[in-house]
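Structure file my_file-v2.cif; described as mmCIF, N, CA and C atoms and all ligand atoms.
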```
data_target
loop_
_atom_site.label_atom_id
_atom_site.label_comp_id
_atom_site.auth_asym_id
_atom_site.auth_seq_id
_atom_site.Cartn_x
_atom_site.Cartn_y
_atom_site.Cartn_z
N MET Q 25 82.30 108.40 105.16
CA MET Q 25 83.62 107.80 105.02
C MET Q 25 83.52 106.42 104.39
N LYS Q 26 84.44 106.10 103.49
CA LYS Q 26 84.43 104.77 102.87
C LYS Q 26 84.82 103.71 103.89
N ARG Q 27 84.25 102.52 103.71
CA ARG Q 27 84.45 101.48 104.71
C ARG Q 27 84.88 100.17 104.06
N LEU Q 28 85.76 99.46 104.76
CA LEU Q 28 86.09 98.08 104.41
C LEU Q 28 85.64 97.18 105.56
N LEU Q 29 85.31 95.94 105.22
CA LEU Q 29 84.96 94.95 106.24
C LEU Q 29 86.08 93.90 106.32
N LEU Q 30 86.56 93.68 107.53
CA LEU Q 30 87.51 92.59 107.80
C LEU Q 30 86.73 91.46 108.46
N LEU Q 31 86.60 90.36 107.73
CA LEU Q 31 85.77 89.26 108.18
C LEU Q 31 86.66 88.05 108.46
N ASN Q 32 86.52 87.48 109.65
CA ASN Q 32 87.30 86.31 110.02
C ASN Q 32 86.38 85.17 110.42
N GLY Q 33 86.71 83.97 109.96
CA GLY Q 33 85.89 82.80 110.22
C GLY Q 33 86.31 82.03 111.47
N PRO Q 34 85.95 80.76 111.53
CA PRO Q 34 86.07 79.99 112.77
C PRO Q 34 87.50 79.82 113.27
N ASN Q 35 87.63 79.98 114.57
CA ASN Q 35 88.88 79.77 115.32
C ASN Q 35 89.92 80.86 115.11
N ILE Q 36 89.63 81.84 114.28
CA ILE Q 36 90.57 82.95 114.14
C ILE Q 36 90.63 83.76 115.43
N ASN Q 37 89.56 83.71 116.22
CA ASN Q 37 89.58 84.39 117.53
C ASN Q 37 90.58 83.76 118.49
N LEU Q 38 91.08 82.58 118.18
CA LEU Q 38 92.07 81.92 119.05
C LEU Q 38 93.51 82.25 118.66
N LEU Q 39 93.69 83.08 117.66
CA LEU Q 39 95.05 83.42 117.22
C LEU Q 39 95.87 83.94 118.39
N GLY Q 40 97.16 83.58 118.35
CA GLY Q 40 98.04 83.96 119.46
C GLY Q 40 98.35 82.73 120.29
N LYS Q 41 97.30 81.98 120.64
CA LYS Q 41 97.54 80.73 121.37
C LYS Q 41 97.28 79.50 120.51
N ARG Q 42 96.72 79.70 119.33
CA ARG Q 42 96.38 78.57 118.46
C ARG Q 42 97.56 78.23 117.54
N GLU Q 43 98.12 77.05 117.69
CA GLU Q 43 99.19 76.56 116.80
C GLU Q 43 100.13 77.69 116.35
N PRO Q 44 100.85 78.31 117.30
CA PRO Q 44 101.67 79.49 116.93
C PRO Q 44 102.75 79.19 115.88
N ALA Q 45 103.19 77.93 115.81
CA ALA Q 45 104.21 77.61 114.80
C ALA Q 45 103.65 77.80 113.38
N ILE Q 46 102.34 77.66 113.26
CA ILE Q 46 101.70 77.83 111.94
C ILE Q 46 101.16 79.24 111.78
N TYR Q 47 100.51 79.75 112.83
CA TYR Q 47 99.74 80.99 112.68
C TYR Q 47 100.39 82.21 113.33
N GLY Q 48 101.53 82.01 114.03
CA GLY Q 48 102.21 83.15 114.63
C GLY Q 48 101.66 83.50 116.01
N ASN Q 49 102.21 84.56 116.57
CA ASN Q 49 101.90 84.93 117.95
C ASN Q 49 100.92 86.09 118.07
N GLN Q 50 100.58 86.69 116.96
CA GLN Q 50 99.72 87.88 117.04
C GLN Q 50 98.27 87.49 117.29
N SER Q 51 97.59 88.27 118.08
CA SER Q 51 96.17 88.04 118.33
C SER Q 51 95.34 88.60 117.17
N MET Q 52 94.09 88.17 117.14
CA MET Q 52 93.21 88.71 116.11
C MET Q 52 93.06 90.23 116.27
N GLN Q 53 93.02 90.70 117.51
CA GLN Q 53 92.88 92.14 117.72
C GLN Q 53 94.09 92.90 117.16
N ASN Q 54 95.28 92.31 117.28
CA ASN Q 54 96.46 92.93 116.67
C ASN Q 54 96.29 93.07 115.17
N ILE Q 55 95.72 92.05 114.55
CA ILE Q 55 95.50 92.11 113.10
C ILE Q 55 94.52 93.23 112.76
N VAL Q 56 93.44 93.28 113.52
CA VAL Q 56 92.43 94.33 113.28
C VAL Q 56 93.08 95.71 113.43
N ASP Q 57 93.85 95.89 114.49
CA ASP Q 57 94.49 97.20 114.73
C ASP Q 57 95.45 97.55 113.59
N THR Q 58 96.22 96.56 113.14
CA THR Q 58 97.19 96.80 112.06
C THR Q 58 96.49 97.23 110.78
N VAL Q 59 95.42 96.53 110.43
CA VAL Q 59 94.71 96.88 109.18
C VAL Q 59 94.05 98.24 109.33
N GLN Q 60 93.47 98.50 110.49
CA GLN Q 60 92.83 99.81 110.72
C GLN Q 60 93.85 100.93 110.55
N GLN Q 61 95.04 100.76 111.16
CA GLN Q 61 96.08 101.80 111.03
C GLN Q 61 96.48 101.99 109.57
N THR Q 62 96.58 100.88 108.84
CA THR Q 62 97.00 100.96 107.44
C THR Q 62 96.01 101.76 106.62
N ILE Q 63 94.73 101.50 106.83
CA ILE Q 63 93.75 102.10 105.91
C ILE Q 63 93.29 103.49 106.33
N GLN Q 64 93.50 103.85 107.60
CA GLN Q 64 92.96 105.15 108.01
C GLN Q 64 93.70 106.31 107.35
N SER Q 65 94.96 106.08 106.99
CA SER Q 65 95.69 107.15 106.30
C SER Q 65 95.15 107.37 104.88
N TYR Q 66 94.37 106.42 104.39
CA TYR Q 66 93.73 106.57 103.08
C TYR Q 66 92.29 107.07 103.23
N GLY Q 67 91.91 107.40 104.47
CA GLY Q 67 90.57 107.91 104.70
C GLY Q 67 89.50 106.84 104.77
N TYR Q 68 89.90 105.61 105.05
CA TYR Q 68 88.95 104.51 105.15
C TYR Q 68 88.74 104.11 106.61
N HIS Q 69 87.54 103.64 106.88
CA HIS Q 69 87.22 103.09 108.20
C HIS Q 69 87.11 101.57 108.07
N LEU Q 70 87.56 100.86 109.11
CA LEU Q 70 87.47 99.40 109.12
C LEU Q 70 86.43 98.93 110.13
N ASP Q 71 85.52 98.07 109.65
CA ASP Q 71 84.68 97.29 110.57
C ASP Q 71 85.24 95.87 110.60
N ALA Q 72 85.31 95.30 111.78
CA ALA Q 72 85.83 93.94 111.90
C ALA Q 72 84.80 93.05 112.56
N TYR Q 73 84.70 91.83 112.04
CA TYR Q 73 83.72 90.88 112.58
C TYR Q 73 84.30 89.49 112.47
N GLN Q 74 84.16 88.73 113.55
CA GLN Q 74 84.59 87.32 113.54
C GLN Q 74 83.43 86.46 114.00
N SER Q 75 83.27 85.31 113.37
CA SER Q 75 82.27 84.37 113.85
C SER Q 75 82.73 82.94 113.60
N ASN Q 76 82.32 82.08 114.50
CA ASN Q 76 82.55 80.64 114.33
C ASN Q 76 81.40 79.97 113.59
N HIS Q 77 80.42 80.78 113.16
CA HIS Q 77 79.17 80.23 112.61
C HIS Q 77 78.99 80.66 111.16
N GLU Q 78 78.87 79.70 110.29
CA GLU Q 78 78.79 79.95 108.85
C GLU Q 78 77.66 80.92 108.51
N GLY Q 79 76.49 80.72 109.09
CA GLY Q 79 75.35 81.57 108.77
C GLY Q 79 75.57 83.02 109.15
N ASP Q 80 76.27 83.27 110.26
CA ASP Q 80 76.57 84.65 110.66
C ASP Q 80 77.44 85.34 109.61
N LEU Q 81 78.39 84.59 109.06
CA LEU Q 81 79.27 85.16 108.04
C LEU Q 81 78.48 85.44 106.76
N ILE Q 82 77.57 84.53 106.43
CA ILE Q 82 76.70 84.74 105.25
C ILE Q 82 75.84 85.98 105.46
N ASP Q 83 75.28 86.14 106.66
CA ASP Q 83 74.46 87.32 106.95
C ASP Q 83 75.25 88.61 106.73
N LYS Q 84 76.48 88.65 107.22
CA LYS Q 84 77.32 89.86 107.06
C LYS Q 84 77.57 90.15 105.59
N LEU Q 85 77.90 89.10 104.83
CA LEU Q 85 78.21 89.29 103.42
C LEU Q 85 76.97 89.74 102.63
N GLN Q 86 75.79 89.28 103.03
CA GLN Q 86 74.57 89.72 102.33
C GLN Q 86 74.37 91.22 102.43
N LEU Q 87 74.90 91.83 103.49
CA LEU Q 87 74.72 93.27 103.71
C LEU Q 87 75.87 94.11 103.15
N ALA Q 88 76.87 93.44 102.55
CA ALA Q 88 78.08 94.16 102.16
C ALA Q 88 77.83 95.24 101.13
N ASP Q 89 76.98 94.99 100.15
CA ASP Q 89 76.78 95.98 99.08
C ASP Q 89 76.28 97.32 99.62
N GLU Q 90 75.51 97.27 100.70
CA GLU Q 90 74.97 98.51 101.26
C GLU Q 90 75.99 99.25 102.12
N ASN Q 91 77.03 98.55 102.54
CA ASN Q 91 77.88 99.11 103.60
C ASN Q 91 79.36 99.25 103.28
N TYR Q 92 79.88 98.46 102.34
CA TYR Q 92 81.34 98.39 102.20
C TYR Q 92 81.82 98.51 100.76
N GLU Q 93 83.04 99.06 100.64
CA GLU Q 93 83.72 99.12 99.34
C GLU Q 93 84.38 97.79 99.00
N GLY Q 94 84.68 97.01 100.04
CA GLY Q 94 85.34 95.73 99.81
C GLY Q 94 85.42 94.94 101.09
N VAL Q 95 85.69 93.65 100.94
CA VAL Q 95 85.76 92.75 102.09
C VAL Q 95 87.09 91.98 102.05
N ILE Q 96 87.78 91.99 103.19
CA ILE Q 96 88.98 91.17 103.40
C ILE Q 96 88.51 89.97 104.21
N PHE Q 97 88.63 88.78 103.68
CA PHE Q 97 87.95 87.64 104.29
C PHE Q 97 88.90 86.47 104.49
N ASN Q 98 89.10 86.09 105.76
CA ASN Q 98 89.74 84.81 106.06
C ASN Q 98 88.63 83.85 106.50
N PRO Q 99 88.17 83.00 105.57
CA PRO Q 99 87.06 82.10 105.88
C PRO Q 99 87.48 80.90 106.72
N ALA Q 100 88.79 80.79 107.00
CA ALA Q 100 89.34 79.71 107.82
C ALA Q 100 88.86 78.35 107.29
N ALA Q 101 88.40 77.46 108.17
CA ALA Q 101 88.06 76.10 107.72
C ALA Q 101 86.91 76.08 106.71
N PHE Q 102 86.03 77.11 106.75
CA PHE Q 102 84.90 77.13 105.81
C PHE Q 102 85.36 77.32 104.36
N THR Q 103 86.60 77.77 104.19
CA THR Q 103 87.19 77.89 102.85
C THR Q 103 87.01 76.60 102.05
N HIS Q 104 87.20 75.51 102.77
CA HIS Q 104 87.31 74.21 102.11
C HIS Q 104 85.99 73.46 102.05
N THR Q 105 84.93 74.06 102.59
CA THR Q 105 83.67 73.31 102.73
C THR Q 105 82.40 74.05 102.30
N SER Q 106 82.44 75.40 102.25
CA SER Q 106 81.17 76.12 102.27
C SER Q 106 80.66 76.60 100.91
N ILE Q 107 79.67 75.89 100.40
CA ILE Q 107 79.00 76.36 99.18
C ILE Q 107 78.15 77.58 99.50
N GLY Q 108 77.60 77.65 100.71
CA GLY Q 108 76.80 78.82 101.10
C GLY Q 108 77.60 80.11 101.05
N LEU Q 109 78.84 80.07 101.54
CA LEU Q 109 79.68 81.27 101.47
C LEU Q 109 80.05 81.59 100.02
N ARG Q 110 80.33 80.57 99.25
CA ARG Q 110 80.63 80.82 97.83
C ARG Q 110 79.45 81.50 97.15
N ASP Q 111 78.24 81.00 97.42
CA ASP Q 111 77.07 81.54 96.73
C ASP Q 111 76.80 82.99 97.12
N VAL Q 112 77.03 83.35 98.39
CA VAL Q 112 76.77 84.75 98.77
C VAL Q 112 77.84 85.67 98.17
N ILE Q 113 79.07 85.20 98.08
CA ILE Q 113 80.10 86.05 97.45
C ILE Q 113 79.75 86.25 95.97
N SER Q 114 79.21 85.22 95.33
CA SER Q 114 78.76 85.36 93.94
C SER Q 114 77.59 86.32 93.82
N ALA Q 115 76.75 86.35 94.86
CA ALA Q 115 75.51 87.13 94.79
C ALA Q 115 75.73 88.63 94.97
N ILE Q 116 76.80 89.01 95.66
CA ILE Q 116 77.03 90.44 95.94
C ILE Q 116 77.97 91.03 94.90
N ASP Q 117 77.92 92.36 94.80
CA ASP Q 117 78.81 93.06 93.87
C ASP Q 117 80.13 93.47 94.53
N THR Q 118 80.11 93.60 95.85
CA THR Q 118 81.29 94.05 96.59
C THR Q 118 82.46 93.09 96.36
N PRO Q 119 83.64 93.62 96.01
CA PRO Q 119 84.80 92.73 95.82
C PRO Q 119 85.26 92.12 97.14
N VAL Q 120 85.58 90.83 97.08
CA VAL Q 120 86.06 90.10 98.26
C VAL Q 120 87.45 89.53 97.94
N ILE Q 121 88.40 89.73 98.84
CA ILE Q 121 89.71 89.10 98.72
C ILE Q 121 89.85 88.07 99.83
N GLU Q 122 90.20 86.84 99.44
CA GLU Q 122 90.39 85.74 100.40
C GLU Q 122 91.83 85.80 100.93
N VAL Q 123 91.95 85.71 102.23
CA VAL Q 123 93.27 85.78 102.88
C VAL Q 123 93.45 84.57 103.80
N HIS Q 124 94.65 84.00 103.75
CA HIS Q 124 95.02 82.96 104.72
C HIS Q 124 96.39 83.30 105.29
N LEU Q 125 96.51 83.18 106.58
CA LEU Q 125 97.80 83.43 107.24
C LEU Q 125 98.85 82.43 106.76
N SER Q 126 98.46 81.16 106.71
CA SER Q 126 99.39 80.12 106.31
C SER Q 126 99.28 79.88 104.80
N ASN Q 127 100.28 79.19 104.27
CA ASN Q 127 100.23 78.80 102.85
C ASN Q 127 99.43 77.50 102.74
N ILE Q 128 98.15 77.64 102.46
CA ILE Q 128 97.27 76.45 102.45
C ILE Q 128 97.70 75.43 101.39
N HIS Q 129 98.43 75.89 100.39
CA HIS Q 129 98.85 74.98 99.31
C HIS Q 129 100.05 74.13 99.72
N ALA Q 130 100.69 74.49 100.82
CA ALA Q 130 101.85 73.74 101.30
C ALA Q 130 101.49 72.86 102.50
N ARG Q 131 100.20 72.77 102.79
CA ARG Q 131 99.76 72.01 103.97
C ARG Q 131 99.00 70.74 103.55
N GLU Q 132 98.16 70.23 104.43
CA GLU Q 132 97.43 68.99 104.12
C GLU Q 132 96.63 69.17 102.83
N SER Q 133 96.44 68.06 102.11
CA SER Q 133 95.79 68.17 100.79
C SER Q 133 94.36 68.71 100.91
N PHE Q 134 93.68 68.46 102.05
CA PHE Q 134 92.30 68.96 102.16
C PHE Q 134 92.25 70.48 102.24
N ARG Q 135 93.41 71.12 102.49
CA ARG Q 135 93.44 72.60 102.51
C ARG Q 135 93.79 73.19 101.15
N HIS Q 136 94.14 72.35 100.19
CA HIS Q 136 94.59 72.88 98.89
C HIS Q 136 93.45 73.46 98.08
N THR Q 137 92.24 72.96 98.35
CA THR Q 137 91.09 73.43 97.56
C THR Q 137 90.34 74.51 98.32
N SER Q 138 90.12 75.64 97.64
CA SER Q 138 89.22 76.67 98.16
C SER Q 138 87.98 76.70 97.29
N LEU Q 139 86.82 76.53 97.91
CA LEU Q 139 85.56 76.67 97.16
C LEU Q 139 85.27 78.14 96.88
N LEU Q 140 85.94 79.04 97.58
CA LEU Q 140 85.61 80.46 97.51
C LEU Q 140 86.51 81.24 96.55
N ALA Q 141 87.74 80.80 96.40
CA ALA Q 141 88.70 81.57 95.59
C ALA Q 141 88.19 81.88 94.18
N PRO Q 142 87.49 80.95 93.51
CA PRO Q 142 87.04 81.27 92.14
C PRO Q 142 86.06 82.44 92.05
N VAL Q 143 85.39 82.76 93.16
CA VAL Q 143 84.43 83.87 93.11
C VAL Q 143 84.95 85.11 93.86
N CYS Q 144 86.17 85.03 94.38
CA CYS Q 144 86.82 86.21 94.96
C CYS Q 144 87.64 86.89 93.88
N ILE Q 145 88.00 88.17 94.10
CA ILE Q 145 88.83 88.80 93.07
C ILE Q 145 90.27 88.35 93.16
N GLY Q 146 90.66 87.80 94.33
CA GLY Q 146 92.00 87.28 94.47
C GLY Q 146 92.14 86.54 95.78
N GLN Q 147 93.30 85.89 95.91
CA GLN Q 147 93.59 85.11 97.11
C GLN Q 147 95.03 85.41 97.53
N ILE Q 148 95.24 85.69 98.81
CA ILE Q 148 96.59 85.92 99.34
C ILE Q 148 96.83 84.88 100.42
N VAL Q 149 97.91 84.10 100.28
CA VAL Q 149 98.19 83.05 101.26
C VAL Q 149 99.64 83.12 101.72
N GLY Q 150 99.86 82.67 102.95
CA GLY Q 150 101.22 82.41 103.40
C GLY Q 150 102.02 83.61 103.84
N LEU Q 151 101.42 84.78 103.87
CA LEU Q 151 102.19 85.99 104.23
C LEU Q 151 101.85 86.48 105.63
N GLY Q 152 101.14 85.68 106.39
CA GLY Q 152 100.81 86.08 107.76
C GLY Q 152 99.95 87.34 107.78
N VAL Q 153 100.18 88.17 108.80
CA VAL Q 153 99.37 89.37 108.98
C VAL Q 153 99.51 90.32 107.79
N LYS Q 154 100.68 90.30 107.16
CA LYS Q 154 100.92 91.17 106.01
C LYS Q 154 99.89 90.94 104.90
N GLY Q 155 99.42 89.71 104.79
CA GLY Q 155 98.44 89.38 103.76
C GLY Q 155 97.15 90.19 103.93
N TYR Q 156 96.73 90.39 105.16
CA TYR Q 156 95.53 91.19 105.41
C TYR Q 156 95.76 92.64 104.99
N ARG Q 157 96.95 93.16 105.32
CA ARG Q 157 97.26 94.56 104.96
C ARG Q 157 97.30 94.73 103.45
N LEU Q 158 97.93 93.77 102.77
CA LEU Q 158 98.03 93.87 101.31
C LEU Q 158 96.66 93.77 100.65
N ALA Q 159 95.80 92.93 101.21
CA ALA Q 159 94.43 92.82 100.67
C ALA Q 159 93.70 94.16 100.82
N ALA Q 160 93.86 94.79 101.97
CA ALA Q 160 93.20 96.08 102.20
C ALA Q 160 93.71 97.12 101.19
N LEU Q 161 95.02 97.15 100.99
CA LEU Q 161 95.59 98.13 100.03
C LEU Q 161 95.09 97.85 98.62
N ALA Q 162 94.98 96.58 98.26
CA ALA Q 162 94.48 96.24 96.91
C ALA Q 162 93.05 96.72 96.74
N LEU Q 163 92.23 96.58 97.77
CA LEU Q 163 90.83 97.04 97.67
C LEU Q 163 90.77 98.55 97.56
N ILE Q 164 91.63 99.24 98.33
CA ILE Q 164 91.63 100.70 98.29
C ILE Q 164 92.07 101.19 96.90
N GLU Q 165 92.99 100.46 96.30
CA GLU Q 165 93.46 100.83 94.96
C GLU Q 165 92.53 100.32 93.86
N ASN Q 166 91.43 99.68 94.26
CA ASN Q 166 90.41 99.24 93.31
C ASN Q 166 90.90 98.23 92.29
N ILE Q 167 91.78 97.36 92.74
CA ILE Q 167 92.27 96.30 91.84
C ILE Q 167 91.09 95.42 91.45
C1 LIG E 201 93.54 79.44 107.61
C2 LIG E 201 93.81 78.14 106.84
C3 LIG E 201 92.65 77.17 106.99
O1 LIG E 201 92.93 75.94 106.30
C4 LIG E 201 92.41 76.83 108.45
O2 LIG E 201 91.27 76.02 108.58
C5 LIG E 201 92.31 78.05 109.31
C6 LIG E 201 93.21 79.18 109.06
C7 LIG E 201 94.74 80.41 107.55
O3 LIG E 201 94.55 81.60 107.83
O4 LIG E 201 95.87 79.99 107.28
O5 LIG E 201 91.55 78.08 110.27
O6 LIG E 201 92.44 80.11 106.99
#
```
This entry written out as structure tokens:
Amino acid sequence: MKRLLLLNGPNINLLGKREPAIYGNQSMQNIVDTVQQTIQSYGYHLDAYQSNHEGDLIDKLQLADENYEGVIFNPAAFTHTSIGLRDVISAIDTPVIEVHLSNIHARESFRHTSLLAPVCIGQIVGLGVKGYRLAALALIENI
């Protein structure tokens, strides 16, 4: 069965109780369940992984070519800081779509820059949980 990886970075595990005015009330598990339901009708399986540690996320991405058709990635705060994550996305062939729940371009200026977006196939921001679903559909359609 074809597989997608849903990768979430630091503090995404706190969704639901973390700044709900910005990030909404849904838990990370709700997001995982929603994306899984969306893609299973297309015959895809979802693996989900969250880590607060940059190196763990790099380790997962290094293995993507052997395991996944695509990666849906919310790098959270590492979006704005991590050359290591940028370099691993450049190193793999698997397409990665960057997703943010909030519109990072409408927030503090330090969130306006993504070090990762230039090496992802696309970036979806500001659409909440829907952004994860749309990224999954884009990967399934091989955009
Ligand atoms: C976020 C935006 C980031 O700037 C922030 O550090 C997060 C969440 C989002 O999904 O909107 O942790 O990636």
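Between ligand LIG 201 (chain E) and the candidates Q:Ala130, Q:Val123, Q:Ile113, Q:Ile63, the tightest atom-to-atom separation, counting all atoms listed in the file, involves Q:Val123.
Residues in contact with Ala141 in chain Q at up to 8 Å, not including ones fewer than 4 positions away on its chain and judged by all atoms listed in the file, are Thr103, Arg110, Ile121, Glu122, Thr137, Ile145, Gly146 and Gln147 of chain Q.
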Using only C-alpha atoms and all ligand atoms, find each residue with an atom at most 10 Å away from ligand LIG 201 (chain E) and format the answer as a VMD selection string. chain Q and resid 32 to 39 42 46 to 47 97 to 105 122 to 129 131 to 138 148 to 153 155 to 156
Could you work out how far CA of Arg157 in chain Q lies from atom N of Glu90 in chain Q, giving the answer in Å with one decimal? 22.3 Å
Residue neighbourhood Val56 in chain Q, 8 Å, only C-alpha atoms, exclusion window fewer than 3 positions, as an MDAnalysis selection string: chainID Q and resid 30 52:53 59:60 72
Which distance in Å separates CA of Ile116 in chain Q and CA of Leu87 in chain Q, to one decimal?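 CA of Ile116 in chain Q sits 8.6 Å away from CA of Leu87 in chain Q.
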Between Q:Gly40, Q:Gly108, Q:Pro119, Q:Gly79, which is the closest to Asn54 in chain Q once you count only C-alpha atoms? Q:Gly40
I'd like the interatomic distance between CA of Tyr73 in chain Q and CA of Asp57 in chain Q, to a tenth of an Å.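 Taking CA of Tyr73 in chain Q as the start and CA of Asp57 in chain Q as the end point, the length is 12.7 Å.
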Mind working out the centre and edge lengths of an axis-aligned box for range 72-86 of chain Q, all listed atoms inside, 5 Å added to each side, rounded to one decimal in Å and written as JSON?
```
{"center_x": 80.1, "center_y": 87.5, "center_z": 108.4, "size_x": 21.5, "size_y": 25.6, "size_z": 22.2}
```
Using backbone DSSP assignments, extract all strand (DSSP E) residues from range 37-102 of chain Q; output them as a PyMOL selection string. chain Q and resi 68-74+94-98
Could you tell me which of Q:Leu140, Q:Leu70, Q:Ile164, Q:Ala159 comes closest to Leu109 in chain Q if we count all atoms listed in the file?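 For Leu109 in chain Q, the nearest of the given residues is Q:Leu140.
Nearest to Lys84 in chain Q of all the residues Q:Gln64, Q:Thr118, Q:Thr58, Q:Ser106 is Q:Thr118, based on only C-alpha atoms.
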Among the residues of range 90-130 of chain Q, find those DSSP assigns to alpha helix (DSSP H) from the backbone and print them as a PyMOL selection string. chain Q and resi 90-91+107-115
